[in-house]
>>> print(open('work-v1.cif').read())   # mmCIF, C-alpha atoms and all ligand atoms
data_query
loop_
_atom_site.group_PDB
_atom_site.id
_atom_site.type_symbol
_atom_site.label_atom_id
_atom_site.label_comp_id
_atom_site.auth_asym_id
_atom_site.auth_seq_id
_atom_site.Cartn_x
_atom_site.Cartn_y
_atom_site.Cartn_z
ATOM 1 C CA MET A 274 290.831 47.853 143.671
ATOM 2 C CA THR A 275 289.138 47.804 140.300
ATOM 3 C CA SER A 276 289.992 50.072 137.384
ATOM 4 C CA HIS A 277 286.881 52.240 137.676
ATOM 5 C CA GLU A 278 287.750 53.106 141.290
ATOM 6 C CA LEU A 279 291.092 54.659 140.427
ATOM 7 C CA GLN A 280 291.112 56.873 137.405
ATOM 8 C CA LYS A 281 293.970 59.268 137.259
ATOM 9 C CA ILE A 282 297.549 60.011 138.341
ATOM 10 C CA VAL A 283 298.590 63.670 138.561
ATOM 11 C CA LEU A 284 302.331 64.440 138.594
ATOM 12 C CA ALA A 285 303.578 67.495 140.489
ATOM 13 C CA GLU A 286 305.706 69.932 138.530
ATOM 14 C CA PRO A 287 308.465 70.551 139.448
ATOM 15 C CA ARG A 288 309.451 67.488 141.473
ATOM 16 C CA GLY A 289 312.579 65.443 142.109
ATOM 17 C CA PHE A 290 316.210 66.338 141.549
ATOM 18 C CA CYS A 291 317.399 69.894 142.126
ATOM 19 C CA ALA A 292 320.594 71.429 140.770
ATOM 20 C CA GLY A 293 322.522 70.823 144.025
ATOM 21 C CA VAL A 294 321.692 67.106 144.037
ATOM 22 C CA ASP A 295 322.513 66.725 140.337
ATOM 23 C CA ARG A 296 325.892 68.329 140.925
ATOM 24 C CA ALA A 297 326.687 66.285 144.055
ATOM 25 C CA ILE A 298 326.008 62.960 142.329
ATOM 26 C CA GLU A 299 328.001 64.035 139.284
ATOM 27 C CA ILE A 300 330.958 64.928 141.514
ATOM 28 C CA VAL A 301 331.073 61.376 142.924
ATOM 29 C CA GLU A 302 330.625 59.806 139.487
ATOM 30 C CA ARG A 303 333.351 61.924 137.927
ATOM 31 C CA ALA A 304 335.707 61.314 140.842
ATOM 32 C CA LEU A 305 335.165 57.567 140.347
ATOM 33 C CA ALA A 306 335.804 57.890 136.604
ATOM 34 C CA LYS A 307 338.915 60.014 137.066
ATOM 35 C CA PHE A 308 340.592 58.431 140.108
ATOM 36 C CA GLY A 309 339.002 54.964 140.169
ATOM 37 C CA ALA A 310 337.351 53.187 143.111
ATOM 38 C CA PRO A 311 337.192 53.557 145.982
ATOM 39 C CA ILE A 312 336.053 57.137 146.448
ATOM 40 C CA TYR A 313 335.123 57.952 150.041
ATOM 41 C CA VAL A 314 332.047 60.075 150.695
ATOM 42 C CA ARG A 315 331.397 61.702 154.064
ATOM 43 C CA HIS A 316 327.748 61.048 154.910
ATOM 44 C CA GLU A 317 325.142 60.021 152.301
ATOM 45 C CA ILE A 318 325.945 62.212 149.305
ATOM 46 C CA VAL A 319 322.227 63.077 149.197
ATOM 47 C CA HIS A 320 319.514 61.583 151.392
ATOM 48 C CA ASN A 321 318.294 58.902 149.025
ATOM 49 C CA THR A 322 318.713 55.138 149.436
ATOM 50 C CA TYR A 323 318.582 54.352 145.695
ATOM 51 C CA VAL A 324 321.224 56.968 144.838
ATOM 52 C CA VAL A 325 323.527 55.824 147.648
ATOM 53 C CA ASN A 326 323.223 52.117 146.742
ATOM 54 C CA ASN A 327 323.847 52.901 143.093
ATOM 55 C CA LEU A 328 327.047 54.790 143.914
ATOM 56 C CA LYS A 329 328.137 52.023 146.312
ATOM 57 C CA GLU A 330 327.914 49.568 143.435
ATOM 58 C CA LYS A 331 330.161 51.842 141.393
ATOM 59 C CA GLY A 332 332.800 51.945 144.144
ATOM 60 C CA ALA A 333 331.858 54.760 146.509
ATOM 61 C CA ILE A 334 332.345 54.096 150.238
ATOM 62 C CA PHE A 335 330.144 56.119 152.572
ATOM 63 C CA ILE A 336 331.560 56.963 155.993
ATOM 64 C CA GLU A 337 330.607 59.236 158.892
ATOM 65 C CA ASP A 338 333.967 59.396 160.660
ATOM 66 C CA LEU A 339 337.066 60.570 158.775
ATOM 67 C CA ALA A 340 339.160 58.114 160.840
ATOM 68 C CA GLU A 341 337.696 55.389 158.572
ATOM 69 C CA VAL A 342 339.357 56.922 155.498
ATOM 70 C CA PRO A 343 342.923 55.823 154.618
ATOM 71 C CA ARG A 344 345.606 58.492 154.226
ATOM 72 C CA GLY A 345 345.954 59.866 150.714
ATOM 73 C CA ALA A 346 342.408 58.795 149.717
ATOM 74 C CA THR A 347 339.965 60.917 147.718
ATOM 75 C CA LEU A 348 337.088 62.204 149.817
ATOM 76 C CA VAL A 349 333.855 63.926 148.809
ATOM 77 C CA PHE A 350 331.823 66.060 151.229
ATOM 78 C CA SER A 351 328.069 65.524 150.863
ATOM 79 C CA ALA A 352 325.627 68.114 149.466
ATOM 80 C CA HIS A 353 324.640 69.093 153.026
ATOM 81 C CA GLY A 354 328.004 70.706 153.794
ATOM 82 C CA VAL A 355 330.447 70.230 156.665
ATOM 83 C CA SER A 356 331.725 72.141 159.670
ATOM 84 C CA LYS A 357 335.105 73.890 159.776
ATOM 85 C CA ALA A 358 336.307 71.159 162.153
ATOM 86 C CA VAL A 359 335.590 68.461 159.535
ATOM 87 C CA GLN A 360 337.340 70.526 156.851
ATOM 88 C CA ARG A 361 340.380 70.987 159.087
ATOM 89 C CA GLU A 362 340.489 67.272 159.925
ATOM 90 C CA ALA A 363 340.292 66.313 156.235
ATOM 91 C CA ASP A 364 343.193 68.667 155.455
ATOM 92 C CA ALA A 365 345.245 67.363 158.365
ATOM 93 C CA ARG A 366 344.743 63.764 157.220
ATOM 94 C CA GLY A 367 345.992 64.633 153.739
ATOM 95 C CA PHE A 368 342.942 63.668 151.686
ATOM 96 C CA THR A 369 342.233 64.954 148.210
ATOM 97 C CA VAL A 370 338.887 66.617 148.851
ATOM 98 C CA PHE A 371 336.074 67.433 146.444
ATOM 99 C CA ASP A 372 333.377 69.495 148.052
ATOM 100 C CA ALA A 373 329.865 68.589 146.876
ATOM 101 C CA THR A 374 328.233 71.034 149.320
ATOM 102 C CA CYS A 375 325.352 72.650 147.456
ATOM 103 C CA PRO A 376 326.397 76.179 146.440
ATOM 104 C CA LEU A 377 323.200 77.448 148.108
ATOM 105 C CA VAL A 378 324.372 75.974 151.424
ATOM 106 C CA THR A 379 327.874 77.385 150.854
ATOM 107 C CA LYS A 380 326.248 80.790 150.338
ATOM 108 C CA VAL A 381 324.845 80.553 153.894
ATOM 109 C CA HIS A 382 328.271 79.465 155.236
ATOM 110 C CA VAL A 383 329.946 82.441 153.546
ATOM 111 C CA GLU A 384 327.372 84.853 154.975
ATOM 112 C CA VAL A 385 327.820 83.426 158.491
ATOM 113 C CA ALA A 386 331.611 83.734 158.287
ATOM 114 C CA LYS A 387 331.433 87.288 156.923
ATOM 115 C CA LEU A 388 328.991 88.574 159.543
ATOM 116 C CA ALA A 389 330.828 86.762 162.359
ATOM 117 C CA ARG A 390 333.955 88.735 161.421
ATOM 118 C CA GLU A 391 331.848 91.876 161.894
ATOM 119 C CA GLY A 392 330.909 90.719 165.398
ATOM 120 C CA TYR A 393 327.478 89.184 164.717
ATOM 121 C CA GLU A 394 325.834 86.367 166.619
ATOM 122 C CA PHE A 395 323.244 84.173 164.889
ATOM 123 C CA ILE A 396 319.863 82.598 165.386
ATOM 124 C CA MET A 397 319.625 79.552 163.116
ATOM 125 C CA ILE A 398 316.189 78.175 162.229
ATOM 126 C CA GLY A 399 316.537 74.458 161.488
ATOM 127 C CA HIS A 400 316.198 70.845 162.603
ATOM 128 C CA LYS A 401 318.568 69.658 165.328
ATOM 129 C CA GLY A 402 320.882 66.897 164.169
ATOM 130 C CA HIS A 403 320.390 67.468 160.435
ATOM 131 C CA PRO A 404 323.833 67.419 158.773
ATOM 132 C CA GLU A 405 323.214 70.767 157.044
ATOM 133 C CA VAL A 406 322.477 72.384 160.416
ATOM 134 C CA GLU A 407 325.594 70.793 161.948
ATOM 135 C CA GLY A 408 327.668 72.070 159.011
ATOM 136 C CA THR A 409 326.303 75.614 159.154
ATOM 137 C CA MET A 410 326.496 75.869 162.955
ATOM 138 C CA GLY A 411 329.993 74.409 162.740
ATOM 139 C CA GLN A 412 331.205 77.373 160.687
ATOM 140 C CA LEU A 413 331.718 79.064 164.058
ATOM 141 C CA ASP A 414 333.064 77.866 167.383
ATOM 142 C CA HIS A 415 330.348 79.758 169.259
ATOM 143 C CA GLY A 416 327.693 82.438 168.843
ATOM 144 C CA ILE A 417 325.178 80.503 166.713
ATOM 145 C CA HIS A 418 321.957 79.433 168.436
ATOM 146 C CA LEU A 419 319.543 76.878 167.009
ATOM 147 C CA VAL A 420 315.775 77.374 167.198
ATOM 148 C CA GLU A 421 313.463 74.614 165.964
ATOM 149 C CA ASP A 422 310.144 76.230 166.801
ATOM 150 C CA VAL A 423 308.434 79.288 168.307
ATOM 151 C CA ASP A 424 308.976 77.964 171.872
ATOM 152 C CA ASP A 425 312.723 77.865 171.258
ATOM 153 C CA VAL A 426 312.557 81.485 170.073
ATOM 154 C CA ARG A 427 311.145 82.477 173.466
ATOM 155 C CA ARG A 428 313.929 80.638 175.287
ATOM 156 C CA VAL A 429 316.995 81.461 173.197
ATOM 157 C CA GLN A 430 319.632 83.598 174.975
ATOM 158 C CA PRO A 431 322.160 85.284 172.686
ATOM 159 C CA SER A 432 324.915 87.069 174.605
ATOM 160 C CA GLN A 433 323.998 90.399 172.946
ATOM 161 C CA THR A 434 321.260 91.691 170.666
ATOM 162 C CA GLU A 435 323.031 94.642 168.999
ATOM 163 C CA LYS A 436 324.514 92.529 166.246
ATOM 164 C CA LEU A 437 322.254 89.576 165.644
ATOM 165 C CA ALA A 438 321.470 87.879 162.317
ATOM 166 C CA VAL A 439 319.141 85.046 161.347
ATOM 167 C CA VAL A 440 319.956 82.126 159.046
ATOM 168 C CA THR A 441 317.777 79.229 157.955
ATOM 169 C CA GLN A 442 318.234 75.615 156.880
ATOM 170 C CA THR A 443 317.604 75.476 153.117
ATOM 171 C CA THR A 444 315.004 72.688 153.171
ATOM 172 C CA LEU A 445 312.474 73.815 155.777
ATOM 173 C CA SER A 446 308.736 74.163 155.451
ATOM 174 C CA VAL A 447 308.324 77.641 153.939
ATOM 175 C CA ASP A 448 305.218 78.292 156.060
ATOM 176 C CA ASP A 449 306.717 77.035 159.353
ATOM 177 C CA ALA A 450 309.902 79.020 158.738
ATOM 178 C CA ALA A 451 307.823 82.161 158.089
ATOM 179 C CA GLU A 452 306.046 81.669 161.421
ATOM 180 C CA ILE A 453 309.298 81.095 163.316
ATOM 181 C CA SER A 454 310.952 84.069 161.539
ATOM 182 C CA ALA A 455 308.038 86.269 162.567
ATOM 183 C CA ALA A 456 308.532 85.205 166.200
ATOM 184 C CA VAL A 457 312.274 85.905 165.901
ATOM 185 C CA ARG A 458 311.559 89.408 164.508
ATOM 186 C CA MET A 459 309.057 90.040 167.256
ATOM 187 C CA ARG A 460 311.569 89.156 169.979
ATOM 188 C CA PHE A 461 314.581 90.777 168.244
ATOM 189 C CA PRO A 462 313.142 93.611 166.115
ATOM 190 C CA ARG A 463 316.571 94.754 164.892
ATOM 191 C CA ILE A 464 317.780 91.341 163.785
ATOM 192 C CA ARG A 465 319.490 91.263 160.421
ATOM 193 C CA GLU A 466 317.825 89.066 157.801
ATOM 194 C CA PRO A 467 319.329 87.732 154.577
ATOM 195 C CA LYS A 468 318.567 89.767 151.427
ATOM 196 C CA GLN A 469 317.258 86.645 149.805
ATOM 197 C CA GLN A 470 315.724 83.867 151.925
ATOM 198 C CA ASP A 471 317.980 80.914 152.740
ATOM 199 C CA ILE A 472 315.244 78.375 151.933
ATOM 200 C CA CYS A 473 316.299 77.360 148.451
ATOM 201 C CA TYR A 474 314.452 77.712 145.154
ATOM 202 C CA ALA A 475 313.973 73.920 144.879
ATOM 203 C CA THR A 476 312.365 73.634 148.322
ATOM 204 C CA GLN A 477 310.095 76.596 147.595
ATOM 205 C CA ASN A 478 309.081 75.341 144.128
ATOM 206 C CA ARG A 479 308.342 71.764 145.269
ATOM 207 C CA GLN A 480 306.218 73.022 148.164
ATOM 208 C CA ASP A 481 304.359 75.457 145.890
ATOM 209 C CA ALA A 482 303.677 72.566 143.491
ATOM 210 C CA VAL A 483 302.351 70.336 146.301
ATOM 211 C CA LYS A 484 299.988 73.107 147.358
ATOM 212 C CA LEU A 485 298.500 73.133 143.863
ATOM 213 C CA LEU A 486 298.605 69.342 143.569
ATOM 214 C CA SER A 487 296.758 68.870 146.850
ATOM 215 C CA LYS A 488 293.762 70.760 145.451
ATOM 216 C CA GLN A 489 293.550 68.359 142.526
ATOM 217 C CA VAL A 490 293.919 64.927 144.151
ATOM 218 C CA ASP A 491 292.552 62.656 146.903
ATOM 219 C CA VAL A 492 295.901 61.280 148.085
ATOM 220 C CA VAL A 493 299.544 62.282 147.611
ATOM 221 C CA ILE A 494 302.479 59.885 147.280
ATOM 222 C CA VAL A 495 305.847 61.487 148.014
ATOM 223 C CA VAL A 496 308.844 59.637 146.616
ATOM 224 C CA GLY A 497 311.738 60.186 149.016
ATOM 225 C CA SER A 498 313.812 58.549 151.748
ATOM 226 C CA PRO A 499 312.841 58.931 155.426
ATOM 227 C CA THR A 500 316.038 60.929 156.083
ATOM 228 C CA SER A 501 315.231 63.523 153.408
ATOM 229 C CA SER A 502 314.177 66.766 155.065
ATOM 230 C CA ASN A 503 312.557 68.345 152.030
ATOM 231 C CA SER A 504 310.638 65.122 151.162
ATOM 232 C CA ASN A 505 309.207 64.959 154.690
ATOM 233 C CA ARG A 506 308.110 68.585 154.380
ATOM 234 C CA LEU A 507 306.199 67.765 151.164
ATOM 235 C CA ALA A 508 304.206 64.976 152.839
ATOM 236 C CA GLU A 509 303.580 67.166 155.893
ATOM 237 C CA LEU A 510 302.356 70.027 153.709
ATOM 238 C CA ALA A 511 299.859 67.864 151.811
ATOM 239 C CA ARG A 512 298.505 66.577 155.153
ATOM 240 C CA LYS A 513 298.184 70.117 156.485
ATOM 241 C CA LEU A 514 296.075 70.881 153.434
ATOM 242 C CA GLY A 515 293.771 68.020 154.363
ATOM 243 C CA VAL A 516 294.981 65.381 151.908
ATOM 244 C CA ASP A 517 296.334 61.998 153.018
ATOM 245 C CA ALA A 518 300.004 61.705 152.105
ATOM 246 C CA TYR A 519 302.470 58.813 152.235
ATOM 247 C CA MET A 520 306.198 58.699 151.678
ATOM 248 C CA VAL A 521 307.800 55.815 149.790
ATOM 249 C CA ASP A 522 311.486 55.088 149.317
ATOM 250 C CA SER A 523 310.663 52.724 146.434
ATOM 251 C CA ALA A 524 307.599 51.490 144.514
ATOM 252 C CA GLU A 525 307.553 48.276 146.585
ATOM 253 C CA GLU A 526 306.668 50.290 149.677
ATOM 254 C CA LEU A 527 303.433 51.557 148.146
ATOM 255 C CA ARG A 528 300.470 49.892 149.831
ATOM 256 C CA PRO A 529 297.355 49.281 147.694
ATOM 257 C CA GLU A 530 295.039 50.152 150.594
ATOM 258 C CA TRP A 531 296.331 53.755 150.522
ATOM 259 C CA LEU A 532 294.758 54.129 147.086
ATOM 260 C CA ALA A 533 291.584 52.161 147.655
ATOM 261 C CA GLY A 534 288.567 54.163 146.546
ATOM 262 C CA ARG A 535 290.669 57.197 145.517
ATOM 263 C CA GLN A 536 289.890 58.716 142.135
ATOM 264 C CA ARG A 537 292.937 60.931 141.775
ATOM 265 C CA VAL A 538 296.450 60.120 143.031
ATOM 266 C CA GLY A 539 299.072 62.852 143.144
ATOM 267 C CA ILE A 540 302.770 62.006 142.939
ATOM 268 C CA THR A 541 305.699 64.218 143.827
ATOM 269 C CA ALA A 542 309.328 63.576 144.711
ATOM 270 C CA GLY A 543 311.798 65.219 147.060
ATOM 271 C CA ALA A 544 314.855 67.026 145.694
ATOM 272 C CA SER A 545 317.049 63.967 146.299
ATOM 273 C CA ALA A 546 314.726 61.374 144.689
ATOM 274 C CA PRO A 547 315.532 60.280 141.124
ATOM 275 C CA GLU A 548 312.853 60.305 138.424
ATOM 276 C CA ILE A 549 313.300 56.573 137.788
ATOM 277 C CA LEU A 550 311.688 55.921 141.202
ATOM 278 C CA VAL A 551 308.721 58.103 140.220
ATOM 279 C CA GLN A 552 308.379 56.060 137.024
ATOM 280 C CA HIS A 553 308.400 52.824 139.061
ATOM 281 C CA VAL A 554 305.647 54.216 141.298
ATOM 282 C CA ILE A 555 303.603 55.195 138.225
ATOM 283 C CA GLU A 556 303.990 51.660 136.804
ATOM 284 C CA ARG A 557 302.861 50.162 140.086
ATOM 285 C CA ILE A 558 299.812 52.424 140.374
ATOM 286 C CA ARG A 559 298.943 51.671 136.750
ATOM 287 C CA ALA A 560 299.149 47.971 137.566
ATOM 288 C CA LEU A 561 296.697 48.661 140.388
ATOM 289 C CA GLY A 562 294.243 50.178 137.939
ATOM 290 C CA ALA A 563 295.086 53.813 137.110
ATOM 291 C CA VAL A 564 294.197 54.625 133.540
ATOM 292 C CA ALA A 565 295.689 58.058 132.882
ATOM 293 C CA VAL A 566 298.725 60.097 133.846
ATOM 294 C CA ARG A 567 298.638 63.868 133.695
ATOM 295 C CA ARG A 568 301.489 66.263 134.376
ATOM 296 C CA MET A 569 300.486 69.358 136.309
ATOM 297 C CA ASP A 570 301.346 72.738 134.825
ATOM 298 C CA GLY A 571 304.321 74.189 136.643
ATOM 299 C CA ILE A 572 307.501 76.149 136.261
ATOM 300 C CA THR A 573 310.535 74.714 134.514
ATOM 301 C CA GLU A 574 313.711 75.004 136.545
ATOM 302 C CA THR A 575 316.883 75.970 134.691
ATOM 303 C CA VAL A 576 319.302 76.349 137.621
ATOM 304 C CA LYS A 577 322.617 74.574 137.066
ATOM 305 C CA PHE A 578 325.735 74.745 139.223
ATOM 306 C CA PRO A 579 329.307 74.403 137.942
ATOM 307 C CA LEU A 580 331.462 71.449 139.015
ATOM 308 C CA PRO A 581 334.541 71.969 141.172
ATOM 309 C CA LYS A 582 337.886 72.535 139.479
ATOM 310 C CA GLY A 583 339.612 69.267 138.766
ATOM 311 C CA LEU A 584 336.417 67.436 137.836
ATOM 312 C CA LYS A 585 335.258 69.462 134.859
ATOM 313 C CA LEU A 586 335.396 67.757 131.482
ATOM 314 C CA GLU A 587 338.115 69.121 129.174
ATOM 315 C CA SER A 588 335.480 70.797 127.019
ATOM 316 C CA SER A 589 333.340 72.233 129.868
HETATM 317 FE FE1 LIG B 1 320.772 72.826 147.147
HETATM 318 FE FE2 LIG B 1 318.201 73.242 147.690
HETATM 319 FE FE3 LIG B 1 318.916 71.093 146.377
HETATM 320 FE FE4 LIG B 1 319.530 71.324 148.976
HETATM 321 S S1 LIG B 1 317.462 71.150 148.077
HETATM 322 S S2 LIG B 1 320.866 70.580 147.340
HETATM 323 S S3 LIG B 1 319.927 73.541 149.056
HETATM 324 S S4 LIG B 1 319.151 73.212 145.646
#
>>> encode(input="work-v1.cif", output="structure tokens", more="lines below")
Ligand code: SF4
Amino acid sequence: MTSHELQKIVLAEPRGFCAGVDRAIEIVERALAKFGAPIYVRHEIVHNTYVVNNLKEKGAIFIEDLAEVPRGATLVFSAHGVSKAVQREADARGFTVFDATCPLVTKVHVEVAKLAREGYEFIMIGHKGHPEVEGTMGQLDHGIHLVEDVDDVRRVQPSQTEKLAVVTQTTLSVDDAAEISAAVRMRFPRIREPKQQDICYATQNRQDAVKLLSKQVDVVIVVGSPTSSNSNRLAELARKLGVDAYMVDSAEELRPEWLAGRQRVGITAGASAPEILVQHVIERIRALGAVAVRRMDGITETVKFPLPKGLKLESS
């Protein structure tokens, strides 16, 4: 590629870290500083390879099964949240637990528990096997039914429809979730819906930004790991809008042929992808011939979540 073929990089705004990811990483870092290595973390603290490797170097050990954690160890639950069974097992094994579940996921857990006490059953819209879905469904022993698409909505069989509520994974495609929710409402017209949607502010804002970005560029690069739900949704959304989109976990993965002949390259990042990776991608695209970087206009996020007790700084 020559410099006159590729002119401009446009950065989505907002992009990258959300408040829940910031908090989760800080919990592991502070636990390491306060208690020393190793700190055990159940599941990847957030779905990002760079973040996980960085914390591994500092002394975090990532595990999936609590049987791998020695008695008396300090354990952090990932931002995606855990089931009641995992919580009970951690208590029974005597770990010191710090819960890095995003408060917006906890909000869904609290709502599920409250309505279940009132006799509700649930339809959950989400992706099978995602740890957030396992954690939310695992708030109850039964009575929560997963639907991944409109076909599932047709097939789902709750045991009663008098007291039925819907909950949603926080990182879904806003448009797909709206379509599935509409099908749920159609089949169960009296279903109870949350006052405020479960899809979180960060997911909504990053998807809104990609919609605007896609109008301004010829190709979109999404910085994010393959396991990151919200990053995948960003790439998918750009493609739906008719723009080629590629996900990269690091700048090295970027292939020059993706940019060949493109005048304007858009860059965004999933909620778990650190800004340093975006900067690496910018450097690489500049080395391939881009001559200007422009930041899109967009909203500034000010959400911040408090740390758990026991990890706050003396002054905070
Ligand atoms: Fe919380 Fe949303 Fe970030 Fe997930 S993407 S950690 S729900 S703010």
>>> atom_distance(input="work-v1.cif", atom1="atom S2 of ligand LIG 1 (chain B)", atom2="atom CA of Ala544 of chain A")
7.2 Å
>>> axis_aligned_box(input="work-v1.cif", around="ligand LIG 1 (chain B)", padding_each_side="8 Å", output="JSON")
{"center_x": 319.2, "center_y": 72.1, "center_z": 147.4, "size_x": 19.4, "size_y": 19.0, "size_z": 19.4}
>>> resolve_selection(input="work-v1.cif", expression="the PyMOL selection byres (((chain A and resi 393) around 10) and not hetatm)", output="list in words")
Val385, Ala386, Lys387, Leu388, Ala389, Arg390, Glu391, Gly392, Glu394, Phe395, Gly416, Ile417, Gln433, Thr434, Glu435, Lys436, Leu437, Ala438, Val439, Ile464 and Arg465 of chain A
>>> resolve_selection(input="work-v1.cif", expression="the PyMOL selection byres (((chain A and resi 519-536) around 10) and not hetatm)", output="PyMOL selection string")
chain A and resi 274-282+321-323+490-499+504-505+507-509+511-512+516-518+537-538+540-543+546+549-558+561-563
>>> write_last_selection(input="work-v1.cif", atoms="C-alpha atoms", output="short mmCIF file (atom, residue, chain, number, x, y, z; two decimals), in the frame of the given file")
data_model
loop_
_atom_site.label_atom_id
_atom_site.label_comp_id
_atom_site.auth_asym_id
_atom_site.auth_seq_id
_atom_site.Cartn_x
_atom_site.Cartn_y
_atom_site.Cartn_z
CA MET A 274 290.83 47.85 143.67
CA THR A 275 289.14 47.80 140.30
CA SER A 276 289.99 50.07 137.38
CA HIS A 277 286.88 52.24 137.68
CA GLU A 278 287.75 53.11 141.29
CA LEU A 279 291.09 54.66 140.43
CA GLN A 280 291.11 56.87 137.40
CA LYS A 281 293.97 59.27 137.26
CA ILE A 282 297.55 60.01 138.34
CA ASN A 321 318.29 58.90 149.02
CA THR A 322 318.71 55.14 149.44
CA TYR A 323 318.58 54.35 145.70
CA VAL A 490 293.92 64.93 144.15
CA ASP A 491 292.55 62.66 146.90
CA VAL A 492 295.90 61.28 148.08
CA VAL A 493 299.54 62.28 147.61
CA ILE A 494 302.48 59.88 147.28
CA VAL A 495 305.85 61.49 148.01
CA VAL A 496 308.84 59.64 146.62
CA GLY A 497 311.74 60.19 149.02
CA SER A 498 313.81 58.55 151.75
CA PRO A 499 312.84 58.93 155.43
CA SER A 504 310.64 65.12 151.16
CA ASN A 505 309.21 64.96 154.69
CA LEU A 507 306.20 67.76 151.16
CA ALA A 508 304.21 64.98 152.84
CA GLU A 509 303.58 67.17 155.89
CA ALA A 511 299.86 67.86 151.81
CA ARG A 512 298.50 66.58 155.15
CA VAL A 516 294.98 65.38 151.91
CA ASP A 517 296.33 62.00 153.02
CA ALA A 518 300.00 61.70 152.10
CA ARG A 537 292.94 60.93 141.78
CA VAL A 538 296.45 60.12 143.03
CA ILE A 540 302.77 62.01 142.94
CA THR A 541 305.70 64.22 143.83
CA ALA A 542 309.33 63.58 144.71
CA GLY A 543 311.80 65.22 147.06
CA ALA A 546 314.73 61.37 144.69
CA ILE A 549 313.30 56.57 137.79
CA LEU A 550 311.69 55.92 141.20
CA VAL A 551 308.72 58.10 140.22
CA GLN A 552 308.38 56.06 137.02
CA HIS A 553 308.40 52.82 139.06
CA VAL A 554 305.65 54.22 141.30
CA ILE A 555 303.60 55.20 138.22
CA GLU A 556 303.99 51.66 136.80
CA ARG A 557 302.86 50.16 140.09
CA ILE A 558 299.81 52.42 140.37
CA LEU A 561 296.70 48.66 140.39
CA GLY A 562 294.24 50.18 137.94
CA ALA A 563 295.09 53.81 137.11
#
>>> resolve_selection(input="work-v1.cif", expression="the PyMOL selection byres (((not hetatm)) within 7 of (chain B and resi 1))", output="VMD selection string")
chain A and resid 291 to 294 352 to 353 375 to 378 443 to 444 473 to 476 503 544
>>> residues_around(input="work-v1.cif", residues="segment 309-316 of chain A", least_positions_apart="3", cutoff="10 Å", atoms="all atoms listed in the file", output="PyMOL selection string")
chain A and resi 301-306+319-320+325+328-329+331-339+341-343+346-355+359+368+370-373+404
>>> residues_around(input="work-v1.cif", residues="Pro467 of chain A", least_positions_apart="4", cutoff="10 Å", atoms="all atoms listed in the file", output="MDAnalysis selection string")
chainID A and resid 381 384 438:441 471
>>> atom_distance(input="work-v1.cif", atom1="atom CA of Val564 of chain A", atom2="atom CA of Phe290 of chain A")
26.2 Å
>>> atom_distance(input="work-v1.cif", atom1="atom CA of Thr500 of chain A", atom2="atom CA of His415 of chain A")
27.1 Å
>>> closest_residue(input="work-v1.cif", among="A:Arg479, A:Arg361, A:Arg366, A:Lys468", to="Arg344 of chain A", atoms="only C-alpha atoms")
A:Arg366
>>> residues_around(input="work-v1.cif", residues="Arg568 of chain A", least_positions_apart="3", cutoff="7 Å", atoms="all atoms listed in the file", output="list in words")
Val283, Leu284, Ala285 and Glu286 of chain A
>>> residues_around(input="work-v1.cif", residues="Ser454 of chain A", least_positions_apart="3", cutoff="12 Å", atoms="all atoms listed in the file", output="number ranges by chain")
A: 396-399, 420-423, 425-426, 438-441, 445-451, 457-462, 464-467, 470-472
